[in-house]
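So this block is structure_11.txt, compact mmCIF, C-alpha atoms and all ligand atoms:
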```txt
# COMPACT_ATOMS: atom_id res chain seq x y z
CA MET A 11 -9.63 17.28 9.64
CA GLN A 12 -10.29 13.54 9.97
CA MET A 13 -7.61 11.73 12.00
CA LYS A 14 -6.75 8.07 12.35
CA TYR A 15 -3.96 6.79 14.57
CA LEU A 16 -1.29 4.12 14.25
CA GLY A 17 0.07 4.04 17.77
CA SER A 18 0.74 7.68 18.64
CA VAL A 19 1.06 8.84 15.03
CA PRO A 20 -1.84 10.57 13.24
CA PHE A 21 -2.78 9.54 9.70
CA ALA A 22 -5.37 10.88 7.29
CA PRO A 23 -8.02 8.40 6.09
CA ILE A 24 -6.21 8.56 2.72
CA THR A 25 -2.41 8.46 2.68
CA PHE A 26 -0.50 9.70 -0.39
CA GLY A 27 1.54 6.83 -1.92
CA CYS A 28 4.97 7.90 -3.18
CA MET A 29 6.13 4.92 -5.27
CA ALA A 30 5.00 5.80 -8.80
CA ILE A 31 6.54 9.28 -8.57
CA ALA A 32 10.03 7.74 -8.55
CA ASP A 33 9.82 4.50 -10.50
CA ALA A 34 10.09 5.43 -14.18
CA ALA A 35 10.86 1.85 -15.28
CA VAL A 36 7.42 0.66 -14.22
CA TRP A 37 5.32 3.83 -14.24
CA GLY A 38 6.96 6.01 -16.87
CA PRO A 39 8.63 9.41 -16.47
CA GLN A 40 7.45 11.94 -13.91
CA ASP A 41 8.14 15.64 -13.50
CA GLU A 42 9.30 16.46 -9.94
CA ASN A 43 7.62 19.88 -9.89
CA GLU A 44 4.30 18.26 -10.78
CA THR A 45 4.80 15.71 -8.01
CA ILE A 46 5.55 18.36 -5.41
CA SER A 47 2.51 20.46 -6.45
CA ALA A 48 0.34 17.34 -6.12
CA MET A 49 1.79 16.61 -2.66
CA HIS A 50 1.30 20.18 -1.46
CA LEU A 51 -2.27 20.20 -2.73
CA ALA A 52 -2.95 16.86 -1.01
CA ALA A 53 -1.61 18.18 2.31
CA ASP A 54 -3.67 21.38 1.97
CA LEU A 55 -6.85 19.35 1.31
CA GLY A 56 -6.39 16.97 4.26
CA ILE A 57 -4.24 14.14 2.88
CA PHE A 58 -1.46 14.96 5.33
CA SER A 59 0.16 11.49 5.56
CA PHE A 60 2.68 10.20 3.01
CA ASP A 61 4.03 6.69 2.47
CA THR A 62 7.40 6.15 0.84
CA ALA A 63 10.26 3.60 0.98
CA ALA A 64 14.03 3.48 0.64
CA MET A 65 13.44 1.12 -2.29
CA TYR A 66 11.37 3.53 -4.41
CA GLY A 67 13.76 4.95 -7.00
CA ASN A 68 16.68 3.86 -4.80
CA GLY A 69 16.09 6.74 -2.35
CA LEU A 70 14.70 9.22 -4.90
CA SER A 71 11.14 9.03 -3.59
CA GLU A 72 12.32 9.80 -0.03
CA GLN A 73 14.43 12.68 -1.38
CA ILE A 74 11.43 14.19 -3.19
CA VAL A 75 9.35 13.92 0.01
CA GLY A 76 12.24 15.65 1.79
CA ARG A 77 12.33 18.45 -0.78
CA ALA A 78 8.55 18.84 -0.55
CA PHE A 79 8.18 19.01 3.24
CA GLY A 80 11.57 19.01 4.99
CA ASN A 81 11.13 18.71 8.74
CA SER A 82 7.56 20.10 8.78
CA ASP A 83 5.44 18.82 11.67
CA LYS A 84 2.26 19.41 9.64
CA VAL A 85 2.72 16.12 7.78
CA THR A 86 3.15 12.47 8.80
CA ILE A 87 5.89 10.57 7.01
CA ALA A 88 6.02 6.78 6.84
CA THR A 89 8.92 5.05 5.14
CA LYS A 90 10.22 1.50 4.81
CA LEU A 91 13.45 -0.31 5.45
CA LEU A 92 15.01 -2.14 2.47
CA SER A 93 14.12 -5.83 2.59
CA SER A 94 17.76 -6.80 1.99
CA LYS A 95 19.13 -4.75 4.92
CA GLN A 96 17.71 -6.28 8.07
CA HIS A 97 20.84 -7.10 10.10
CA TYR A 98 21.25 -4.93 13.22
CA GLY A 99 23.97 -2.60 11.87
CA GLU A 100 22.28 -2.31 8.47
CA VAL A 101 18.98 -1.21 10.04
CA ILE A 102 20.74 1.54 12.00
CA GLU A 103 22.64 2.68 8.89
CA GLU A 104 19.58 2.54 6.60
CA CYS A 105 17.55 4.61 9.05
CA GLU A 106 20.23 7.32 9.02
CA LYS A 107 20.15 7.34 5.19
CA SER A 108 16.37 7.67 5.16
CA LEU A 109 16.47 10.49 7.73
CA LYS A 110 18.96 12.32 5.53
CA ASN A 111 16.91 11.74 2.37
CA LEU A 112 13.74 12.90 4.11
CA GLN A 113 15.51 15.86 5.78
CA ARG A 114 13.84 14.94 9.08
CA ASP A 115 14.86 14.53 12.72
CA ALA A 116 12.56 11.52 13.12
CA ILE A 117 10.55 9.11 10.97
CA ASP A 118 6.92 8.91 12.12
CA LEU A 119 6.41 5.28 11.07
CA TYR A 120 9.34 3.04 10.10
CA GLN A 121 8.21 -0.19 8.47
CA ILE A 122 9.93 -3.44 7.53
CA HIS A 123 9.10 -3.49 3.80
CA TRP A 124 9.05 -7.29 3.39
CA PRO A 125 9.85 -10.02 5.90
CA SER A 126 13.36 -11.47 5.65
CA ASN A 127 13.98 -15.16 5.01
CA ASP A 128 17.57 -14.85 6.22
CA VAL A 129 17.76 -12.49 9.19
CA PRO A 130 16.06 -13.58 12.44
CA PHE A 131 13.18 -11.25 13.39
CA GLU A 132 14.76 -10.84 16.83
CA GLU A 133 17.80 -9.10 15.34
CA THR A 134 15.81 -6.66 13.18
CA ALA A 135 13.38 -5.98 16.03
CA SER A 136 16.16 -5.15 18.46
CA ALA A 137 17.61 -2.56 16.05
CA LEU A 138 14.19 -0.99 15.48
CA LEU A 139 13.54 -0.83 19.23
CA LYS A 140 16.91 0.87 19.69
CA LEU A 141 16.01 3.49 17.04
CA LYS A 142 12.70 4.11 18.80
CA GLU A 143 14.43 4.52 22.15
CA GLN A 144 16.77 7.08 20.52
CA GLY A 145 13.81 9.03 19.15
CA LYS A 146 14.85 8.48 15.52
CA ILE A 147 11.61 6.70 14.76
CA ARG A 148 8.25 7.28 16.46
CA GLU A 149 6.47 4.00 15.72
CA ILE A 150 7.40 0.65 14.18
CA GLY A 151 5.31 -0.97 11.46
CA VAL A 152 5.60 -3.98 9.19
CA SER A 153 4.51 -4.57 5.63
CA ASN A 154 3.63 -7.76 3.78
CA PHE A 155 3.58 -9.83 6.96
CA GLY A 156 1.22 -12.84 7.01
CA VAL A 157 -0.17 -15.09 9.73
CA GLU A 158 3.06 -16.97 10.45
CA GLN A 159 5.27 -13.91 10.23
CA LEU A 160 3.17 -11.84 12.65
CA ALA A 161 3.10 -14.76 15.09
CA GLU A 162 6.89 -15.08 14.90
CA MET A 163 7.45 -11.33 15.34
CA GLU A 164 5.16 -11.14 18.36
CA ALA A 165 7.79 -12.48 20.73
CA PHE A 166 10.18 -9.61 19.94
CA MET A 167 8.12 -6.48 19.35
CA GLN A 168 4.60 -5.23 18.77
CA PRO A 169 4.36 -3.28 15.47
CA VAL A 170 1.47 -0.79 15.28
CA SER A 171 0.61 -1.53 11.64
CA ASN A 172 0.79 -3.95 8.75
CA GLN A 173 0.72 -2.74 5.14
CA LEU A 174 -0.98 -5.09 2.68
CA MET A 175 -2.33 -5.09 -0.85
CA TYR A 176 -6.08 -4.67 -0.50
CA ASN A 177 -8.57 -3.37 -3.04
CA LEU A 178 -11.99 -4.22 -4.45
CA PHE A 179 -10.40 -6.79 -6.78
CA PHE A 180 -7.75 -8.13 -4.38
CA ARG A 181 -9.40 -9.05 -1.11
CA ALA A 182 -6.97 -11.60 0.35
CA PRO A 183 -6.63 -9.70 3.68
CA GLU A 184 -10.32 -10.35 4.41
CA VAL A 185 -9.64 -14.08 4.77
CA ASN A 186 -7.39 -14.05 7.86
CA MET A 187 -5.78 -10.71 8.45
CA VAL A 188 -8.57 -8.39 9.56
CA GLU A 189 -9.27 -10.49 12.65
CA LEU A 190 -5.60 -11.16 13.26
CA HIS A 191 -4.70 -7.46 13.22
CA LYS A 192 -7.42 -6.91 15.83
CA LYS A 193 -5.99 -9.68 17.98
CA TYR A 194 -2.56 -8.01 17.88
CA GLY A 195 -4.00 -4.50 18.28
CA MET A 196 -2.55 -3.40 14.93
CA GLY A 197 -3.94 -1.12 12.25
CA MET A 198 -3.91 -1.87 8.52
CA MET A 199 -2.59 0.38 5.75
CA THR A 200 -3.83 -0.73 2.33
CA TYR A 201 -1.69 -0.49 -0.78
CA SER A 202 -2.56 -0.66 -4.48
CA SER A 203 -5.92 0.55 -3.21
CA ILE A 204 -7.06 1.40 -6.75
CA ALA A 205 -5.33 -1.65 -8.25
CA GLN A 206 -2.55 0.49 -9.81
CA GLY A 207 -5.09 2.56 -11.74
CA LEU A 208 -7.34 -0.30 -12.90
CA LEU A 209 -10.02 0.81 -10.43
CA THR A 210 -10.12 4.36 -11.78
CA GLY A 211 -12.03 3.31 -14.90
CA LYS A 212 -9.39 4.64 -17.27
CA TYR A 213 -8.73 1.16 -18.69
CA GLN A 214 -11.56 -0.55 -20.58
CA GLY A 215 -10.03 -3.96 -20.00
CA LEU A 216 -6.81 -5.65 -18.88
CA SER A 217 -5.25 -5.40 -22.36
CA ASP A 218 -5.25 -1.58 -22.03
CA VAL A 219 -3.10 -1.67 -18.88
CA PRO A 220 0.62 -0.95 -19.53
CA VAL A 221 2.56 -4.24 -19.77
CA THR A 222 4.79 -3.34 -16.80
CA LEU A 223 1.72 -3.21 -14.55
CA ARG A 224 0.26 -6.55 -15.66
CA ARG A 225 2.04 -8.58 -13.01
CA THR A 226 -0.39 -9.50 -10.26
CA ARG A 227 -2.46 -12.68 -10.13
CA LEU A 228 -5.45 -10.79 -11.57
CA TYR A 229 -3.67 -10.96 -14.95
CA PRO A 230 -2.94 -14.15 -16.90
CA CYS A 231 0.82 -14.78 -16.84
CA THR A 232 0.75 -14.65 -20.64
CA MET A 233 0.03 -10.89 -20.49
CA ASN A 234 3.53 -10.10 -19.20
CA PRO A 235 6.60 -12.08 -20.36
CA ALA A 236 8.21 -11.42 -16.94
CA SER A 237 5.17 -12.39 -14.89
CA PRO A 238 6.31 -13.64 -11.46
CA HIS A 239 3.43 -16.14 -11.33
CA LYS A 240 2.52 -18.86 -13.78
CA GLU A 241 -1.26 -18.76 -13.38
CA GLY A 242 -4.10 -18.23 -15.84
CA GLY A 243 -5.35 -15.19 -13.90
CA CYS A 244 -9.01 -14.24 -13.76
CA GLN A 245 -9.33 -11.82 -16.67
CA GLU A 246 -12.97 -12.68 -17.47
CA LEU A 247 -14.06 -12.20 -13.86
CA VAL A 248 -12.18 -8.90 -13.59
CA GLU A 249 -13.60 -7.53 -16.83
CA LYS A 250 -17.14 -8.53 -15.81
CA ALA A 251 -16.65 -6.86 -12.42
CA LEU A 252 -15.23 -3.72 -14.11
CA ALA A 253 -18.31 -3.50 -16.34
CA ASP A 254 -20.65 -3.94 -13.33
CA LEU A 255 -18.69 -1.36 -11.38
CA ARG A 256 -18.97 1.10 -14.25
CA ILE A 257 -22.76 0.76 -14.11
CA PHE A 258 -22.79 1.15 -10.31
CA CYS A 259 -20.70 4.36 -10.55
CA ALA A 260 -22.87 5.81 -13.33
CA ASP A 261 -26.03 5.13 -11.26
CA LYS A 262 -24.50 6.89 -8.26
CA ASN A 263 -22.92 9.66 -10.33
CA MET A 264 -19.57 8.92 -8.71
CA THR A 265 -16.15 8.28 -10.22
CA MET A 266 -14.70 4.78 -10.04
CA ALA A 267 -11.68 5.88 -7.99
CA GLN A 268 -14.05 7.59 -5.54
CA VAL A 269 -16.12 4.41 -5.13
CA ALA A 270 -13.11 2.07 -4.91
CA LEU A 271 -11.39 4.19 -2.26
CA ALA A 272 -14.61 4.83 -0.31
CA TRP A 273 -15.38 1.08 -0.31
CA LEU A 274 -12.01 0.41 1.33
CA MET A 275 -12.46 3.25 3.82
CA HIS A 276 -15.76 1.67 4.91
CA LYS A 277 -14.16 -1.77 5.36
CA ASP A 278 -13.59 -3.28 8.77
CA GLY A 279 -10.01 -3.10 9.99
CA VAL A 280 -8.71 -0.47 7.56
CA THR A 281 -6.92 2.46 9.23
CA THR A 282 -5.66 4.37 6.21
CA VAL A 283 -6.00 3.78 2.50
CA ILE A 284 -2.81 4.52 0.55
CA ALA A 285 -3.49 5.94 -2.89
CA GLY A 286 -0.73 6.78 -5.33
CA ALA A 287 -1.18 10.02 -7.28
CA ARG A 288 1.01 11.72 -9.86
CA SER A 289 -0.85 14.99 -10.47
CA GLU A 290 -3.10 17.56 -8.82
CA LYS A 291 -5.94 16.25 -10.98
CA GLN A 292 -5.60 12.75 -9.50
CA VAL A 293 -5.42 14.14 -5.96
CA LYS A 294 -8.63 16.13 -6.51
CA SER A 295 -10.34 13.05 -7.87
CA ASN A 296 -9.19 10.71 -5.09
CA ILE A 297 -10.04 13.08 -2.27
CA LEU A 298 -13.75 12.84 -3.13
CA ALA A 299 -13.68 9.46 -1.35
CA MET A 300 -13.06 11.17 2.01
CA THR A 301 -16.62 12.55 1.98
CA THR A 302 -18.35 9.69 0.16
CA GLU A 303 -20.97 7.74 2.07
CA LEU A 304 -21.74 4.18 0.99
CA ASN A 305 -24.70 2.55 2.76
CA ASP A 306 -25.01 -1.12 3.70
CA ASN A 307 -26.76 -1.92 0.40
CA ASP A 308 -24.01 -0.23 -1.60
CA MET A 309 -21.35 -2.15 0.31
CA ALA A 310 -23.19 -5.44 -0.21
CA THR A 311 -23.55 -4.75 -3.95
CA LEU A 312 -19.84 -3.95 -4.28
CA ASP A 313 -18.85 -7.00 -2.21
CA GLN A 314 -21.01 -9.20 -4.42
CA LEU A 315 -19.65 -7.69 -7.61
CA SER A 316 -16.14 -8.96 -6.80
CA ALA A 317 -17.09 -12.11 -4.86
CA ASP A 318 -15.92 -14.47 -7.63
CA ILE A 319 -12.56 -12.72 -7.90
CA LYS A 320 -12.21 -12.95 -4.12
CA ALA A 321 -12.84 -16.70 -4.31
CA TYR A 322 -10.22 -17.05 -7.08
CA ILE A 323 -7.55 -15.06 -5.19
CA GLY A 324 -8.16 -16.78 -1.83
CA GLY A 325 -6.13 -15.87 1.26
CA ASN A 326 -2.71 -15.68 -0.43
CA LEU A 327 -1.46 -12.18 0.44
CA ASP A 328 1.39 -12.26 -2.09
CA ALA A 329 -0.28 -10.72 -5.12
CA TRP A 330 2.58 -11.74 -7.39
CA ARG A 331 3.21 -15.40 -6.47
CA GLY A 332 0.86 -18.25 -7.31
CA ASN A 333 -1.42 -19.89 -4.76
CA ASP A 334 0.46 -23.16 -5.09
CA ASP A 335 3.93 -21.58 -5.40
CA ILE A 336 4.75 -22.10 -1.72
CA GLU A 337 8.50 -22.09 -2.37
CA ASN A 338 8.56 -18.55 -3.79
CA ARG A 339 5.74 -16.98 -1.81
CA ARG A 340 7.12 -14.28 0.44
CA ILE A 341 4.12 -13.95 2.76
CA HIS A 342 3.08 -16.84 4.97
N1 LIG B 1 4.27 -2.21 1.03
C1 LIG B 1 4.40 -2.56 -0.23
O1 LIG B 1 5.01 -3.59 -0.56
C2 LIG B 1 3.81 -1.69 -1.29
C3 LIG B 1 3.67 -2.16 -2.60
C4 LIG B 1 3.10 -1.32 -3.55
C5 LIG B 1 2.69 -0.04 -3.19
N2 LIG B 1 2.86 0.40 -1.90
C6 LIG B 1 2.44 1.76 -1.48
O2 LIG B 1 1.12 2.01 -1.90
C7 LIG B 1 1.10 3.16 -2.76
C8 LIG B 1 0.00 3.03 -3.77
O3 LIG B 1 0.03 1.78 -4.44
P1 LIG B 1 0.28 1.65 -5.99
O4 LIG B 1 1.16 2.76 -6.43
O5 LIG B 1 0.65 0.24 -6.22
O6 LIG B 1 -1.10 1.80 -6.68
P2 LIG B 1 -2.48 2.60 -6.58
O7 LIG B 1 -2.51 3.57 -5.49
O8 LIG B 1 -3.49 1.53 -6.63
O9 LIG B 1 -2.47 3.35 -8.00
C9 LIG B 1 -1.77 4.54 -8.13
C10 LIG B 1 -1.68 4.97 -9.59
O10 LIG B 1 -2.96 5.05 -10.21
C11 LIG B 1 -3.03 6.22 -11.06
N3 LIG B 1 -4.06 7.08 -10.48
C12 LIG B 1 -4.17 7.52 -9.20
N4 LIG B 1 -5.29 8.25 -9.02
C13 LIG B 1 -5.91 8.29 -10.21
C14 LIG B 1 -7.12 8.88 -10.67
N5 LIG B 1 -7.89 9.56 -9.84
N6 LIG B 1 -7.46 8.73 -11.96
C15 LIG B 1 -6.69 8.02 -12.82
N7 LIG B 1 -5.52 7.43 -12.44
C16 LIG B 1 -5.14 7.56 -11.15
C17 LIG B 1 -1.64 6.85 -11.03
O11 LIG B 1 -0.77 6.28 -12.01
P3 LIG B 1 -0.79 6.65 -13.56
O12 LIG B 1 -1.08 8.09 -13.68
O13 LIG B 1 0.50 6.21 -14.07
O14 LIG B 1 -1.88 5.79 -14.15
C18 LIG B 1 -1.11 6.38 -9.69
O15 LIG B 1 0.28 6.34 -9.61
C19 LIG B 1 2.52 3.26 -3.31
O16 LIG B 1 2.81 4.55 -3.77
C20 LIG B 1 3.30 2.87 -2.08
O17 LIG B 1 3.35 3.96 -1.18
C21 LIG B 1 3.39 -0.43 -0.96
```

Transcribe the structure of this file into structure tokens.
Ligand SMILES: NC(=O)c1ccc[n+]([C@@H]2O[C@H](COP(=O)([O-])OP(=O)(O)OC[C@H]3O[C@@H](n4cnc5c(N)ncnc54)[C@H](OP(=O)(O)O)[C@@H]3O)[C@@H](O)[C@H]2O)c1
Amino acid sequence: MQMKYLGSVPFAPITFGCMAIADAAVWGPQDENETISAMHLAADLGIFSFDTAAMYGNGLSEQIVGRAFGNSDKVTIATKLLSSKQHYGEVIEECEKSLKNLQRDAIDLYQIHWPSNDVPFEETASALLKLKEQGKIREIGVSNFGVEQLAEMEAFMQPVSNQLMYNLFFRAPEVNMVELHKKYGMGMMTYSSIAQGLLTGKYQGLSDVPVTLRRTRLYPCTMNPASPHKEGGCQELVEKALADLRIFCADKNMTMAQVALAWLMHKDGVTTVIAGARSEKQVKSNILAMTTELNDNDMATLDQLSADIKAYIGGNLDAWRGNDDIENRRIH
């Protein structure tokens, strides 16, 4: 079994993402038995690490993970603290709730989901360090932290990981974060690794993607009435890259999800690639990436194929807020 480490905690090269299984408003309904079969299959096949959050389904995702695995030491469980609960007492309370939901004695990796604009990092860090000292959490991670936020946090604690959106079409972490994570000795967990399904090839173009998922800066704001950004997006570039990627995959006789996940796994600075899955079929498809070799030429071709999108997106790590929307951007 292939192992990666974040601090002392082992992760598989692919981590099972547990958001879509408990977020019907965005992803549509999901049968819990199907979810649990998919999770058990993943664990049996070597995807033994799972990423969830208190936010997903307001605790439901953590509860499903708890029902699937209980206190088993055969799996690694990462969860995340609610962004709005970062005062000292709230962190302690939230951790207890997550432990109860997950039916575990300890959380392997406890992450700050988003940085807080209101609570000083020192306060949140001191609560997390207390929980670690008590053995309730094994390692501390952060998520959606940028250059300024990591620098500010450094004085108070050293998280082992940062979780960021990173995929073939959203390459903002390449601009500053890969080197910065190395400087701080942190690993990177990538989320939306298959661009919420877009990089599986099941959508011909952006208009086929469900409206609720057309929210990142890849999409023109006109494609979702509630778009958090007000940009024109880069639809033409994305659709051209999708078409090129389809040809690449056909030439290699590989699926698009396999290529997209393998590309990330070959990228510098990536510790584990989080991939959401809602069925055994998706797990079986995604796991192909664990044994997929891409050579230097393949990597260069794939890098080139999305180079224009990378230039459009730039180094802004907040996939939902515009490049010039400094006021509302949550990652700095
Ligand atoms: N830290 C953060 O702020 C943050 C933010 C977002 C996500 N995350 C984490 O990252 C995980 C994954 O990210 P994500 O859910 O945004 O997106 P993703 O992993 O890019 O896409 C997952 C979705 O794609 C579809 N899919 C997966 N495998 C497929 C396959 N082989 N063929 C066809 N469709 C397939 C499934 O949805 P359908 O069947 O509905 O198409 C699945 O739910 C989350 O579960 C969560 O753990 C973290």

Can you list every residue of chain A that has an atom at most 8 Å from ligand LIG 1 (chain B), with its nearest atom pair and the distance in Å to one decimal, using all atoms listed in the file, ordered by chain then number, as JSON lines?
```
{"residue": "A:Phe26", "atom": "CA", "partner": "B:LIG1", "partner_atom": "O17", "distance": 7.0}
{"residue": "A:Gly27", "atom": "CA", "partner": "B:LIG1", "partner_atom": "O16", "distance": 3.2}
{"residue": "A:Cys28", "atom": "CA", "partner": "B:LIG1", "partner_atom": "O16", "distance": 4.0}
{"residue": "A:Met29", "atom": "CA", "partner": "B:LIG1", "partner_atom": "O16", "distance": 3.7}
{"residue": "A:Ala30", "atom": "CA", "partner": "B:LIG1", "partner_atom": "O15", "distance": 4.8}
{"residue": "A:Ile31", "atom": "CA", "partner": "B:LIG1", "partner_atom": "O15", "distance": 7.0}
{"residue": "A:Trp37", "atom": "CA", "partner": "B:LIG1", "partner_atom": "O13", "distance": 5.4}
{"residue": "A:Gly38", "atom": "CA", "partner": "B:LIG1", "partner_atom": "O13", "distance": 7.0}
{"residue": "A:Phe60", "atom": "CA", "partner": "B:LIG1", "partner_atom": "O17", "distance": 7.5}
{"residue": "A:Asp61", "atom": "CA", "partner": "B:LIG1", "partner_atom": "O17", "distance": 4.6}
{"residue": "A:Thr62", "atom": "CA", "partner": "B:LIG1", "partner_atom": "O17", "distance": 5.0}
{"residue": "A:Ala63", "atom": "CA", "partner": "B:LIG1", "partner_atom": "O17", "distance": 7.2}
{"residue": "A:Lys90", "atom": "CA", "partner": "B:LIG1", "partner_atom": "N1", "distance": 8.0}
{"residue": "A:His123", "atom": "CA", "partner": "B:LIG1", "partner_atom": "N1", "distance": 5.7}
{"residue": "A:Trp124", "atom": "CA", "partner": "B:LIG1", "partner_atom": "O1", "distance": 6.8}
{"residue": "A:Ser153", "atom": "CA", "partner": "B:LIG1", "partner_atom": "N1", "distance": 5.2}
{"residue": "A:Asn154", "atom": "CA", "partner": "B:LIG1", "partner_atom": "O1", "distance": 6.2}
{"residue": "A:Gln173", "atom": "CA", "partner": "B:LIG1", "partner_atom": "N1", "distance": 5.5}
{"residue": "A:Leu174", "atom": "CA", "partner": "B:LIG1", "partner_atom": "N1", "distance": 6.2}
{"residue": "A:Met175", "atom": "CA", "partner": "B:LIG1", "partner_atom": "C3", "distance": 6.9}
{"residue": "A:Asn177", "atom": "CA", "partner": "B:LIG1", "partner_atom": "O8", "distance": 7.9}
{"residue": "A:Thr200", "atom": "CA", "partner": "B:LIG1", "partner_atom": "O2", "distance": 7.1}
{"residue": "A:Tyr201", "atom": "CA", "partner": "B:LIG1", "partner_atom": "O2", "distance": 3.9}
{"residue": "A:Ser202", "atom": "CA", "partner": "B:LIG1", "partner_atom": "O8", "distance": 3.2}
{"residue": "A:Ser203", "atom": "CA", "partner": "B:LIG1", "partner_atom": "O8", "distance": 4.3}
{"residue": "A:Ile204", "atom": "CA", "partner": "B:LIG1", "partner_atom": "O8", "distance": 3.6}
{"residue": "A:Ala205", "atom": "CA", "partner": "B:LIG1", "partner_atom": "O8", "distance": 4.0}
{"residue": "A:Gln206", "atom": "CA", "partner": "B:LIG1", "partner_atom": "O9", "distance": 3.4}
{"residue": "A:Gly207", "atom": "CA", "partner": "B:LIG1", "partner_atom": "O10", "distance": 3.6}
{"residue": "A:Leu208", "atom": "CA", "partner": "B:LIG1", "partner_atom": "O10", "distance": 7.4}
{"residue": "A:Leu209", "atom": "CA", "partner": "B:LIG1", "partner_atom": "O8", "distance": 7.6}
{"residue": "A:Thr210", "atom": "CA", "partner": "B:LIG1", "partner_atom": "N6", "distance": 5.1}
{"residue": "A:Gly211", "atom": "CA", "partner": "B:LIG1", "partner_atom": "C15", "distance": 7.4}
{"residue": "A:Lys212", "atom": "CA", "partner": "B:LIG1", "partner_atom": "C15", "distance": 6.2}
{"residue": "A:Ala267", "atom": "CA", "partner": "B:LIG1", "partner_atom": "N5", "distance": 5.6}
{"residue": "A:Gln268", "atom": "CA", "partner": "B:LIG1", "partner_atom": "N5", "distance": 7.8}
{"residue": "A:Ile284", "atom": "CA", "partner": "B:LIG1", "partner_atom": "O2", "distance": 5.3}
{"residue": "A:Ala285", "atom": "CA", "partner": "B:LIG1", "partner_atom": "O7", "distance": 3.7}
{"residue": "A:Gly286", "atom": "CA", "partner": "B:LIG1", "partner_atom": "O7", "distance": 3.7}
{"residue": "A:Ala287", "atom": "CA", "partner": "B:LIG1", "partner_atom": "C12", "distance": 4.3}
{"residue": "A:Arg288", "atom": "CA", "partner": "B:LIG1", "partner_atom": "O15", "distance": 5.4}
{"residue": "A:Ser289", "atom": "CA", "partner": "B:LIG1", "partner_atom": "O12", "distance": 7.6}
{"residue": "A:Lys291", "atom": "CA", "partner": "B:LIG1", "partner_atom": "N5", "distance": 7.1}
{"residue": "A:Gln292", "atom": "CA", "partner": "B:LIG1", "partner_atom": "N5", "distance": 3.9}
{"residue": "A:Val293", "atom": "CA", "partner": "B:LIG1", "partner_atom": "N5", "distance": 6.5}
{"residue": "A:Lys294", "atom": "CA", "partner": "B:LIG1", "partner_atom": "N5", "distance": 7.4}
{"residue": "A:Ser295", "atom": "CA", "partner": "B:LIG1", "partner_atom": "N5", "distance": 4.7}
{"residue": "A:Asn296", "atom": "CA", "partner": "B:LIG1", "partner_atom": "N5", "distance": 5.1}
```

Mind running region 79-148 of chain A against region 46-59 of chain A at 10 Å and telling me each contacting residue's nearest atom pair with the distance in Å (one decimal), counting all atoms listed in the file, chain and number ascending, as CSV?
```
residue,atom,partner,partner_atom,distance
A:Phe79,CA,A:His50,CA,8.4
A:Lys84,CA,A:Phe58,CA,7.2
A:Val85,CA,A:Phe58,CA,5.0
A:Thr86,CA,A:Ser59,CA,4.5
A:Ile87,CA,A:Ser59,CA,6.0
A:Ala88,CA,A:Ser59,CA,7.6
A:Asp118,CA,A:Ser59,CA,9.8
```

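Near Leu315 (chain A), within 7 Å and counting only C-alpha atoms, sit Ala251, Asp254, Thr311, Leu312, Asp313 and Ala317 of chain A, not including residues fewer than 2 positions from it in the same chain.
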
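When only C-alpha atoms are used to compute distances to His239 (chain A), the closest of the residues A:Ala329, A:Ile341, A:Met65, A:Met309 turns out to be A:Ala329.
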
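The spacing separating CA of Gly99 (chain A) from CA of Pro125 (chain A) amounts to 17.0 Å.
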
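Compared by their closest atoms to Tyr213 (chain A), and using only C-alpha atoms, the residues A:Met199, A:Leu247, A:Ile336, A:Leu252 rank with A:Leu252 nearest.
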
Would you please take region 150-156 of chain A of the structure in the block above and write N, CA, C and O atoms to a file as a JSON list (two decimals), in the first residue's frame?
```
[["chain", "number", "residue", "atom", "x", "y", "z"],
["A", 150, "ILE", "N", -2.36, 19.00, 13.31],
["A", 150, "ILE", "CA", -3.13, 20.21, 12.99],
["A", 150, "ILE", "C", -2.84, 20.61, 11.55],
["A", 150, "ILE", "O", -1.68, 20.65, 11.13],
["A", 151, "GLY", "N", -3.91, 20.89, 10.80],
["A", 151, "GLY", "CA", -3.74, 21.37, 9.43],
["A", 151, "GLY", "C", -4.54, 22.64, 9.23],
["A", 151, "GLY", "O", -5.36, 23.02, 10.07],
["A", 152, "VAL", "N", -4.28, 23.31, 8.12],
["A", 152, "VAL", "CA", -5.11, 24.45, 7.74],
["A", 152, "VAL", "C", -5.65, 24.21, 6.34],
["A", 152, "VAL", "O", -5.23, 23.25, 5.65],
["A", 153, "SER", "N", -6.55, 25.06, 5.92],
["A", 153, "SER", "CA", -7.17, 24.91, 4.61],
["A", 153, "SER", "C", -7.49, 26.31, 4.11],
["A", 153, "SER", "O", -7.92, 27.17, 4.89],
["A", 154, "ASN", "N", -7.23, 26.54, 2.83],
["A", 154, "ASN", "CA", -7.49, 27.85, 2.24],
["A", 154, "ASN", "C", -6.68, 28.97, 2.89],
["A", 154, "ASN", "O", -7.17, 30.08, 3.09],
["A", 155, "PHE", "N", -5.45, 28.67, 3.27],
["A", 155, "PHE", "CA", -4.54, 29.69, 3.79],
["A", 155, "PHE", "C", -3.61, 30.13, 2.66],
["A", 155, "PHE", "O", -3.05, 29.30, 1.94],
["A", 156, "GLY", "N", -3.44, 31.44, 2.50],
["A", 156, "GLY", "CA", -2.55, 31.98, 1.48],
["A", 156, "GLY", "C", -1.24, 32.46, 2.08],
["A", 156, "GLY", "O", -0.93, 32.16, 3.25]]
```
